[in-house]
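work-v1.tsv follows; it contains TSV, C-alpha atoms and all ligand atoms.
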chain	number	residue	atom	x	y	z
K	268	MET	CA	12.28	6.33	-72.24
K	269	ARG	CA	11.45	5.50	-68.64
K	270	ILE	CA	15.13	5.65	-67.70
K	271	LYS	CA	15.48	9.06	-69.31
K	272	ILE	CA	12.52	10.40	-67.35
K	273	LEU	CA	13.98	9.00	-64.16
K	274	ILE	CA	17.32	10.69	-64.80
K	275	VAL	CA	15.62	14.03	-65.48
K	276	LEU	CA	13.55	13.67	-62.32
K	277	CYS	CA	16.62	12.88	-60.23
K	278	PHE	CA	18.38	15.92	-61.66
K	279	LEU	CA	15.43	18.21	-60.98
K	280	THR	CA	15.08	16.90	-57.45
K	281	ARG	CA	18.75	17.50	-56.76
K	282	VAL	CA	18.61	21.01	-58.13
K	283	SER	CA	15.49	21.94	-56.17
K	284	PHE	CA	16.91	20.51	-52.93
K	285	ALA	CA	20.29	22.23	-53.31
K	286	GLN	CA	19.18	25.50	-51.73
K	287	SER	CA	17.31	23.91	-48.84
K	288	SER	CA	17.95	22.71	-45.34
K	289	GLU	CA	16.80	19.28	-44.18
K	290	HIS	CA	14.73	20.45	-41.23
K	291	VAL	CA	12.57	23.43	-40.42
K	292	ILE	CA	11.16	24.69	-37.15
K	293	LEU	CA	8.35	27.22	-37.09
K	294	VAL	CA	7.73	29.14	-33.87
K	295	THR	CA	4.93	31.58	-33.05
K	296	PHE	CA	4.51	33.96	-30.14
K	297	ASP	CA	0.79	34.78	-29.76
K	298	GLY	CA	0.08	38.47	-30.30
K	299	LEU	CA	3.55	39.81	-29.51
K	300	ARG	CA	3.61	43.37	-30.88
K	301	TRP	CA	6.25	44.60	-33.33
K	302	GLN	CA	6.51	47.71	-31.14
K	303	ASP	CA	7.96	45.66	-28.27
K	304	VAL	CA	10.12	43.48	-30.54
K	305	PHE	CA	11.81	46.45	-32.24
K	306	ARG	CA	11.66	49.20	-29.62
K	307	GLY	CA	11.92	47.11	-26.47
K	308	ALA	CA	9.91	47.69	-23.31
K	309	ASP	CA	7.60	50.72	-23.27
K	310	THR	CA	7.88	52.77	-20.06
K	311	SER	CA	4.37	54.18	-20.33
K	312	LEU	CA	2.94	50.63	-20.32
K	313	MET	CA	5.30	49.45	-17.57
K	314	LYS	CA	3.49	51.78	-15.19
K	315	GLN	CA	0.24	49.89	-15.74
K	316	GLN	CA	1.44	46.46	-14.75
K	317	LYS	CA	0.11	44.99	-11.56
K	318	THR	CA	2.09	41.84	-10.83
K	319	LEU	CA	5.57	43.23	-10.23
K	320	LYS	CA	6.93	46.40	-8.72
K	321	ASP	CA	7.62	49.03	-11.36
K	322	LYS	CA	11.27	49.19	-10.37
K	323	GLN	CA	11.94	45.49	-10.93
K	324	VAL	CA	10.58	45.56	-14.49
K	325	LYS	CA	12.50	48.74	-15.21
K	326	GLU	CA	15.77	47.23	-14.04
K	327	LYS	CA	15.24	44.15	-16.16
K	328	TYR	CA	14.09	45.69	-19.41
K	329	TRP	CA	14.64	49.44	-19.45
K	330	ARG	CA	17.77	50.84	-21.14
K	331	ALA	CA	18.08	54.42	-22.43
K	332	ASP	CA	19.60	53.20	-25.72
K	333	PRO	CA	16.83	51.62	-27.86
K	334	ALA	CA	19.23	49.01	-29.34
K	335	GLU	CA	20.24	47.89	-25.85
K	336	ARG	CA	16.64	48.03	-24.65
K	337	ARG	CA	15.30	45.58	-27.21
K	338	LYS	CA	18.31	43.34	-26.64
K	339	ALA	CA	17.52	43.24	-22.90
K	340	LEU	CA	14.03	41.98	-23.75
K	341	LEU	CA	14.91	39.54	-26.57
K	342	PRO	CA	18.63	38.76	-26.36
K	343	PHE	CA	18.65	35.75	-28.71
K	344	LEU	CA	16.69	37.59	-31.39
K	345	TRP	CA	18.88	40.69	-31.19
K	346	THR	CA	22.24	38.90	-31.06
K	347	THR	CA	22.16	35.58	-32.92
K	348	ILE	CA	19.23	36.09	-35.30
K	349	ALA	CA	19.93	39.76	-36.09
K	350	SER	CA	23.57	39.03	-36.90
K	351	GLN	CA	23.18	35.66	-38.68
K	352	GLY	CA	19.62	35.81	-40.03
K	353	GLN	CA	16.82	38.25	-40.87
K	354	VAL	CA	14.29	40.29	-38.89
K	355	HIS	CA	11.35	41.83	-40.77
K	356	GLY	CA	8.69	44.18	-39.47
K	357	ASN	CA	10.33	47.30	-38.01
K	358	ARG	CA	7.90	49.93	-39.21
K	359	ASP	CA	10.16	52.66	-37.83
K	360	VAL	CA	12.56	51.93	-40.73
K	361	GLY	CA	9.89	51.14	-43.32
K	362	SER	CA	9.83	47.36	-43.02
K	363	LEU	CA	6.14	46.53	-43.13
K	364	VAL	CA	4.71	43.09	-42.44
K	365	ASN	CA	0.93	42.72	-42.41
K	366	VAL	CA	-1.66	39.99	-42.17
K	367	THR	CA	-3.96	39.70	-45.19
K	368	ASN	CA	-6.97	38.32	-43.30
K	369	THR	CA	-9.49	40.88	-42.07
K	370	MET	CA	-10.13	39.32	-38.65
K	371	TRP	CA	-6.90	40.12	-36.75
K	372	PHE	CA	-7.28	37.40	-34.14
K	373	SER	CA	-5.84	33.96	-33.57
K	374	TYR	CA	-7.47	31.18	-35.62
K	375	PRO	CA	-7.63	33.31	-38.80
K	376	GLY	CA	-3.97	34.30	-38.22
K	377	TYR	CA	-2.77	30.75	-37.68
K	378	GLN	CA	-4.81	29.63	-40.68
K	379	GLU	CA	-3.00	32.27	-42.78
K	380	ILE	CA	0.43	31.37	-41.38
K	381	LEU	CA	-0.05	27.63	-41.83
K	382	SER	CA	-2.02	27.51	-45.10
K	383	GLY	CA	-0.48	30.53	-46.81
K	384	PHE	CA	-3.74	32.37	-47.44
K	385	ALA	CA	-6.58	34.05	-45.59
K	386	ASP	CA	-9.93	32.30	-45.47
K	387	ASP	CA	-12.25	35.06	-44.29
K	388	ALA	CA	-15.31	33.23	-45.56
K	389	ARG	CA	-14.86	30.13	-43.43
K	390	ILE	CA	-12.42	30.91	-40.58
K	391	THR	CA	-14.32	33.55	-38.66
K	392	SER	CA	-13.98	32.50	-34.99
K	393	ASN	CA	-11.67	30.77	-32.53
K	394	ASP	CA	-14.12	27.87	-32.19
K	395	LYS	CA	-12.90	24.29	-32.18
K	396	VAL	CA	-13.80	23.60	-35.79
K	397	TYR	CA	-11.66	21.33	-37.93
K	398	ASN	CA	-9.86	23.41	-40.53
K	399	PRO	CA	-11.24	22.63	-44.00
K	400	ASN	CA	-7.95	23.89	-45.50
K	401	VAL	CA	-4.83	21.75	-45.93
K	402	THR	CA	-1.99	23.47	-44.09
K	403	VAL	CA	1.61	23.47	-45.30
K	404	LEU	CA	2.35	21.05	-42.45
K	405	GLU	CA	-0.18	18.59	-43.89
K	406	PHE	CA	1.08	19.18	-47.44
K	407	ILE	CA	4.64	18.38	-46.35
K	408	HIS	CA	3.43	15.39	-44.31
K	409	GLN	CA	1.84	13.98	-47.47
K	410	GLN	CA	5.28	13.72	-49.13
K	411	PRO	CA	6.62	10.21	-48.44
K	412	PRO	CA	10.01	11.25	-46.92
K	413	PHE	CA	8.14	13.35	-44.34
K	414	LYS	CA	5.51	10.85	-43.24
K	415	GLY	CA	5.57	10.66	-39.44
K	416	LYS	CA	8.27	13.36	-39.41
K	417	VAL	CA	6.05	16.40	-38.80
K	418	ALA	CA	4.94	17.37	-35.29
K	419	ALA	CA	3.40	20.33	-33.46
K	420	PHE	CA	3.65	21.44	-29.82
K	421	THR	CA	1.10	24.07	-29.01
K	422	SER	CA	-0.04	25.69	-25.79
K	423	TRP	CA	-3.55	26.45	-27.07
K	424	ASP	CA	-5.91	23.51	-27.30
K	425	VAL	CA	-7.51	24.71	-30.56
K	426	PHE	CA	-4.45	23.65	-32.59
K	427	PRO	CA	-5.47	20.02	-33.11
K	428	PHE	CA	-8.41	21.57	-35.02
K	429	ILE	CA	-6.36	24.22	-36.89
K	430	ILE	CA	-3.85	21.59	-38.04
K	431	ASN	CA	-6.72	19.09	-38.41
K	432	ASP	CA	-4.83	16.24	-36.77
K	433	LYS	CA	-7.70	13.86	-37.54
K	434	ARG	CA	-7.38	14.29	-41.30
K	435	SER	CA	-3.69	15.16	-41.57
K	436	GLY	CA	-2.37	12.42	-39.27
K	437	ILE	CA	0.14	14.92	-37.86
K	438	PHE	CA	1.13	14.48	-34.22
K	439	VAL	CA	-0.22	17.56	-32.38
K	440	SER	CA	0.41	17.98	-28.67
K	441	GLY	CA	-1.97	20.80	-27.78
K	442	GLY	CA	-3.44	22.15	-24.53
K	443	GLU	CA	-2.98	20.56	-21.12
K	444	VAL	CA	-2.47	17.07	-22.48
K	445	PRO	CA	0.40	15.02	-20.98
K	446	ALA	CA	2.98	13.15	-23.07
K	447	ARG	CA	2.04	9.55	-23.73
K	448	GLU	CA	3.94	6.27	-23.28
K	449	PRO	CA	6.64	5.28	-24.00
K	450	LEU	CA	7.98	8.14	-21.88
K	451	THR	CA	11.50	9.37	-21.27
K	452	GLU	CA	12.53	10.24	-17.73
K	453	ASN	CA	12.16	13.94	-18.55
K	454	GLU	CA	8.67	13.51	-20.01
K	455	ARG	CA	7.61	11.65	-16.88
K	456	LEU	CA	8.78	14.61	-14.77
K	457	ILE	CA	7.16	17.22	-17.06
K	458	ASN	CA	3.86	15.29	-16.87
K	459	ARG	CA	3.99	15.40	-13.07
K	460	LEU	CA	4.91	19.09	-12.96
K	461	MET	CA	2.16	20.07	-15.38
K	462	VAL	CA	-0.51	18.43	-13.24
K	463	ALA	CA	0.96	19.98	-10.08
K	464	THR	CA	1.19	23.54	-11.43
K	465	PRO	CA	-1.84	25.84	-11.05
K	466	ASN	CA	-3.06	27.13	-14.38
K	467	MET	CA	-5.49	30.03	-14.62
K	468	ILE	CA	-6.54	29.26	-18.19
K	469	PRO	CA	-7.58	25.63	-18.64
K	470	GLU	CA	-7.61	25.75	-22.44
K	471	VAL	CA	-3.99	26.90	-22.58
K	472	ARG	CA	-0.98	24.90	-21.40
K	473	LEU	CA	1.79	26.99	-19.85
K	474	ASP	CA	4.48	27.65	-22.48
K	475	ALA	CA	7.34	26.07	-20.53
K	476	PHE	CA	5.58	22.70	-20.67
K	477	THR	CA	4.90	23.09	-24.38
K	478	PHE	CA	8.55	23.90	-25.01
K	479	TYR	CA	10.09	21.09	-22.98
K	480	TYR	CA	7.68	18.47	-24.34
K	481	GLY	CA	8.70	19.56	-27.83
K	482	LEU	CA	12.41	19.64	-27.08
K	483	GLU	CA	12.24	16.15	-25.63
K	484	TYR	CA	10.34	14.94	-28.71
K	485	LEU	CA	13.00	16.44	-30.98
K	486	LYS	CA	15.77	14.62	-29.13
K	487	LYS	CA	13.83	11.35	-29.12
K	488	ASN	CA	12.23	11.22	-32.58
K	489	LYS	CA	14.31	13.61	-34.73
K	490	PRO	CA	11.35	15.01	-36.72
K	491	ARG	CA	12.06	17.06	-39.86
K	492	VAL	CA	9.35	19.68	-39.45
K	493	VAL	CA	8.27	21.00	-36.05
K	494	TYR	CA	5.86	23.73	-35.08
K	495	PHE	CA	6.02	25.35	-31.63
K	496	SER	CA	3.14	27.65	-30.75
K	497	PHE	CA	3.45	29.68	-27.55
K	498	ASP	CA	0.53	31.56	-26.07
K	499	GLU	CA	1.22	33.41	-22.81
K	500	THR	CA	2.08	36.79	-24.34
K	501	ASP	CA	-1.51	37.13	-25.59
K	502	ASP	CA	-3.06	35.98	-22.31
K	503	PHE	CA	-1.07	38.43	-20.20
K	504	ALA	CA	-1.72	41.26	-22.65
K	505	HIS	CA	-5.48	40.72	-22.48
K	506	SER	CA	-5.35	40.93	-18.71
K	507	GLY	CA	-3.28	44.14	-18.89
K	508	GLU	CA	-0.23	42.58	-17.22
K	509	TYR	CA	2.53	44.29	-19.19
K	510	ALA	CA	5.34	43.01	-16.93
K	511	ALA	CA	4.15	39.41	-17.24
K	512	TYR	CA	3.77	39.92	-21.01
K	513	LEU	CA	7.39	41.10	-21.22
K	514	ASN	CA	8.59	38.26	-18.99
K	515	SER	CA	6.83	35.73	-21.16
K	516	ALA	CA	8.34	37.18	-24.35
K	517	HIS	CA	11.77	37.13	-22.69
K	518	LYS	CA	11.38	33.52	-21.56
K	519	THR	CA	10.25	32.40	-24.99
K	520	ASP	CA	13.32	34.11	-26.47
K	521	GLN	CA	15.37	32.02	-24.04
K	522	PHE	CA	13.56	28.87	-25.21
K	523	LEU	CA	14.68	29.77	-28.72
K	524	ALA	CA	18.28	30.12	-27.53
K	525	GLU	CA	18.10	26.74	-25.80
K	526	LEU	CA	16.48	25.16	-28.87
K	527	TRP	CA	19.15	26.61	-31.18
K	528	ASP	CA	21.92	25.38	-28.87
K	529	TYR	CA	20.47	21.89	-28.97
K	530	LEU	CA	20.01	21.95	-32.76
K	531	GLN	CA	23.59	23.08	-33.29
K	532	SER	CA	24.89	20.39	-30.93
K	533	ASP	CA	23.15	17.46	-32.65
K	534	PRO	CA	24.73	16.20	-35.92
K	535	VAL	CA	21.24	15.39	-37.28
K	536	TYR	CA	20.27	19.07	-37.10
K	537	ARG	CA	23.51	21.07	-37.03
K	538	ASN	CA	23.78	23.54	-39.95
K	539	LYS	CA	20.83	21.77	-41.61
K	540	THR	CA	17.92	23.39	-39.78
K	541	THR	CA	16.06	26.63	-40.46
K	542	LEU	CA	14.14	28.52	-37.78
K	543	ILE	CA	11.17	30.76	-38.69
K	544	ILE	CA	9.55	32.90	-36.01
K	545	THR	CA	6.44	35.05	-36.24
K	546	THR	CA	3.16	36.03	-34.60
K	547	ASP	CA	-0.52	35.54	-35.44
K	548	HIS	CA	-1.60	39.18	-35.07
K	549	GLY	CA	-0.55	42.55	-33.69
K	550	ARG	CA	-2.26	44.64	-31.03
K	551	GLY	CA	-3.06	48.30	-30.57
K	552	PRO	CA	-0.28	50.87	-29.99
K	553	GLY	CA	-1.90	52.92	-27.21
K	554	PRO	CA	-2.15	52.76	-23.42
K	555	ASP	CA	-5.46	50.88	-23.61
K	556	ASP	CA	-5.63	49.21	-26.97
K	557	TRP	CA	-2.26	47.43	-26.52
K	558	LYS	CA	-4.30	44.92	-24.53
K	559	SER	CA	-6.54	43.96	-27.40
K	560	HIS	CA	-6.69	43.13	-31.08
K	561	GLY	CA	-9.32	42.26	-33.68
K	562	ALA	CA	-10.60	44.13	-36.72
K	563	ARG	CA	-11.66	47.18	-34.71
K	564	VAL	CA	-8.22	47.74	-33.20
K	565	LYS	CA	-6.07	49.91	-35.45
K	566	GLY	CA	-2.66	48.33	-36.05
K	567	ALA	CA	-3.64	44.79	-35.00
K	568	ASP	CA	-2.82	43.63	-38.54
K	569	GLU	CA	0.83	44.66	-38.13
K	570	ILE	CA	3.20	41.77	-37.43
K	571	TRP	CA	6.88	40.72	-37.74
K	572	ILE	CA	8.85	37.71	-38.98
K	573	ALA	CA	12.38	36.48	-38.15
K	574	LEU	CA	14.45	33.81	-39.93
K	575	LEU	CA	17.66	31.97	-39.14
K	576	GLY	CA	19.47	29.05	-40.75
K	577	PRO	CA	21.44	27.81	-43.74
K	578	THR	CA	18.75	28.81	-46.27
K	579	VAL	CA	18.57	32.38	-44.95
K	580	ALA	CA	20.84	35.17	-46.25
K	581	PRO	CA	22.27	37.00	-43.19
K	582	THR	CA	20.89	40.42	-44.10
K	583	GLY	CA	19.89	41.35	-40.52
K	584	GLU	CA	17.19	43.90	-39.85
K	585	SER	CA	15.19	44.68	-42.99
K	586	ARG	CA	14.19	48.17	-44.16
K	587	SER	CA	11.77	49.56	-46.74
K	588	GLU	CA	9.75	46.54	-47.80
K	589	GLN	CA	6.27	45.09	-47.65
K	590	ARG	CA	5.85	41.47	-46.57
K	591	TYR	CA	2.83	39.44	-45.58
K	592	GLN	CA	1.80	36.74	-43.15
K	593	ASN	CA	0.67	34.60	-46.10
K	594	GLN	CA	4.33	34.19	-47.16
K	595	VAL	CA	5.27	32.06	-44.15
K	596	ALA	CA	3.79	28.76	-45.37
K	597	ALA	CA	5.72	28.72	-48.68
K	598	THR	CA	8.87	29.69	-46.76
K	599	VAL	CA	8.46	26.73	-44.40
K	600	ALA	CA	8.10	24.41	-47.39
K	601	GLU	CA	11.02	25.89	-49.32
K	602	CYS	CA	13.30	25.34	-46.33
K	603	VAL	CA	12.87	21.61	-46.83
K	604	GLY	CA	13.01	21.75	-50.63
K	605	ILE	CA	9.27	21.66	-51.31
K	606	ASP	CA	7.42	24.03	-53.59
K	607	TYR	CA	4.14	25.10	-51.95
K	608	ASN	CA	1.63	27.49	-53.44
K	609	ALA	CA	-1.77	26.05	-52.43
K	610	GLY	CA	-3.12	26.14	-55.99
K	611	GLY	CA	-1.84	29.68	-56.51
K	612	LYS	CA	-3.44	31.02	-53.31
K	613	ALA	CA	-0.32	31.11	-51.09
K	614	GLY	CA	2.03	34.08	-50.80
K	615	ARG	CA	5.52	33.50	-52.18
K	616	SER	CA	8.40	32.30	-50.07
K	617	LEU	CA	10.37	34.97	-48.20
K	618	LEU	CA	13.57	33.25	-49.28
K	619	LYS	CA	12.97	34.33	-52.88
K	620	ARG	CA	14.31	37.72	-53.94
K	621	ASN	CA	11.84	40.54	-54.58
X	701	ZN	ZN	-5.92	37.40	-28.09
Please express the file's structure as structure tokens.
Ligand SMILES: [Zn+2]
Amino acid sequence: MRIKILIVLCFLTRVSFAQSSEHVILVTFDGLRWQDVFRGADTSLMKQQKTLKDKQVKEKYWRADPAERRKALLPFLWTTIASQGQVHGNRDVGSLVNVTNTMWFSYPGYQEILSGFADDARITSNDKVYNPNVTVLEFIHQQPPFKGKVAAFTSWDVFPFIINDKRSGIFVSGGEVPAREPLTENERLINRLMVATPNMIPEVRLDAFTFYYGLEYLKKNKPRVVYFSFDETDDFAHSGEYAAYLNSAHKTDQFLAELWDYLQSDPVYRNKTTLIITTDHGRGPGPDDWKSHGARVKGADEIWIALLGPTVAPTGESRSEQRYQNQVAATVAECVGIDYNAGGKAGRSLLKRN
């Protein structure tokens, strides 16, 4: 009897793993608007920026053809991902992606992304409060093959609380915290550079440091599930620096290209890794409200999601659909062959057909 059960279990496991990749990497840009992702740089907002001369930004990101314009801003997204993966959230062609929480700011958005449901009763601020909810990262980490194989690299120092590193045991490198011994040569250098680089916002590490710490960790430890959370787009938007906001989005797109190049060059990851990219909230559409978000800002619940990898059908830019932020968590899990529904509360995986 026991043997029979074992055989059935082995069969079920094999079937459920057949459609999955072995690794998954989740990436978030903080508060990057769908308008900029799908339409490219907005000339009316370019005029507002203070840090660079109008002409320089125009040369870099302005193209008369909208398809070329968005490609100038996010070349990896609009070449590799758009041709080999999926991009959801272009409201101009009826692809709607919304958050389901009613807060429309960061912690509630990351809670929804990572746990698969909104928790408007308990997650109501960006305070450093340990998340009472088990995220999909923690759920995956609880499965024996994934123990010690889940890690997060986050610019914002609230993430150890959102992921609840204390309870979950997940390695979270968040905020301006240097990499710890034993260090590679590169990590030693990044530690020195981080300390030497002026940072206007002490609670947020500059995204380049977050990225290169994470990339180094991938090469060294070969984790199976990694979360990268970048932050600068939101910071520059709040201060009304549209050029810096665009530059940050562009640089993060280049991090994705570099990450994908590495993944496809390493036999551990090549053709076995899925990339999921999204944002925690939208922002307003207008000349003033693009700087902010929150429940009072119309449109700040509008987001976008992109996917790339062996589990993702290459359908390109989606049209006429309604998707939600609460579907990301189950998608992350499905990529590594795990069924996640948070007791029925989580949205269904985006990899499943409608
Ligand atoms: Zn913000």
request  = Enumerate residues in contact with ligand ZN 701 (chain X): an atom-to-atom distance of at most 9 Å, counting all atoms listed in the file. Format the result as a VMD selection string.
outcome  = chain K and resid 297 to 298 372 to 373 498 500 to 502 504 to 505 548 550 558 to 561
request  = Could you give me, as a VMD selection string, the residues within 8 Å of range 301-305 of chain K, counting only C-alpha atoms and dropping anything in the same chain fewer than 3 positions from it?
outcome  = chain K and resid 308 to 309 337 340 to 341 356 to 357 549 552 569 to 571
task = Please check which residues have atoms at most 12 Å from (0.3, 21.7, -30.2) in the file's coordinates, counting only C-alpha atoms, and write them as a ChimeraX atom specification.
result = /K:293-295,417-432,437-446,470-474,476-478,480-481,493-498
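Coordinates place CA of Asn393 in chain K at a distance of 28.2 Å from CA of Pro490 in chain K.
The nearest approach to Glu584 in chain K among the residues K:Ala516, K:Ile572, K:Ala388, K:Cys602, with all atoms listed in the file taken into account, belongs to K:Ile572.
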Spatial neighbours of Val364 in chain K, max dist 12 Å, only C-alpha atoms, sep filter under 6 positions, as a ChimeraX atom specification = /K:300-301,354-358,545-549,566-573,585-595,617
message = I'd like the interatomic distance between CA of Asn608 in chain K and CA of His290 in chain K, to a tenth of an Å.
response = 19.2 Å
Once 5 Å is added on each side, what are the centre and the three edge lengths, in Å to one decimal, of the axis-aligned box enclosing the listed atoms of range 479-488 of chain K? Present them as JSON.
{"center_x": 11.7, "center_y": 16.2, "center_z": -27.8, "size_x": 18.1, "size_y": 19.9, "size_z": 19.6}
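Compared by their closest atoms to Asp520 in chain K, and using all atoms listed in the file, the residues K:Asn538, K:Asn398, K:Thr464, K:Thr346 rank with K:Thr346 nearest.
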task = Considering all atoms listed in the file, return as a PyMOL selection string whatever protein or nucleic-acid residues lie within 10 Å of Asn488 in chain K, sequence-local ones (same chain, fewer than 4 positions apart) excluded.
result = chain K and resi 415-416+418+483-484
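Of the residues listed (K:Asn514, K:Ala463, K:Arg615, K:Tyr607), K:Tyr607 shows the shortest atom-to-atom separation from Val403 in chain K; distances use all atoms listed in the file.
Interatomic distance, CA of Ser350 in chain K against CA of Gly576 in chain K: 11.5 Å.
You can rank K:Lys518, K:Val401, K:Phe503, K:Ile544 by their closest distance to Lys612 in chain K using all atoms listed in the file, and at the top of that list sits K:Val401.
Of the residues listed (K:Ser616, K:Gln409, K:Asn368, K:Ser506), K:Asn368 shows the shortest atom-to-atom separation from Ile390 in chain K; distances use all atoms listed in the file.
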inquiry  = I need the residue nearest Thr541 in chain K from this list: K:Gln315, K:Thr598, K:Asn466, K:Thr519. Use only C-alpha atoms for the distance.
reply    = K:Thr598
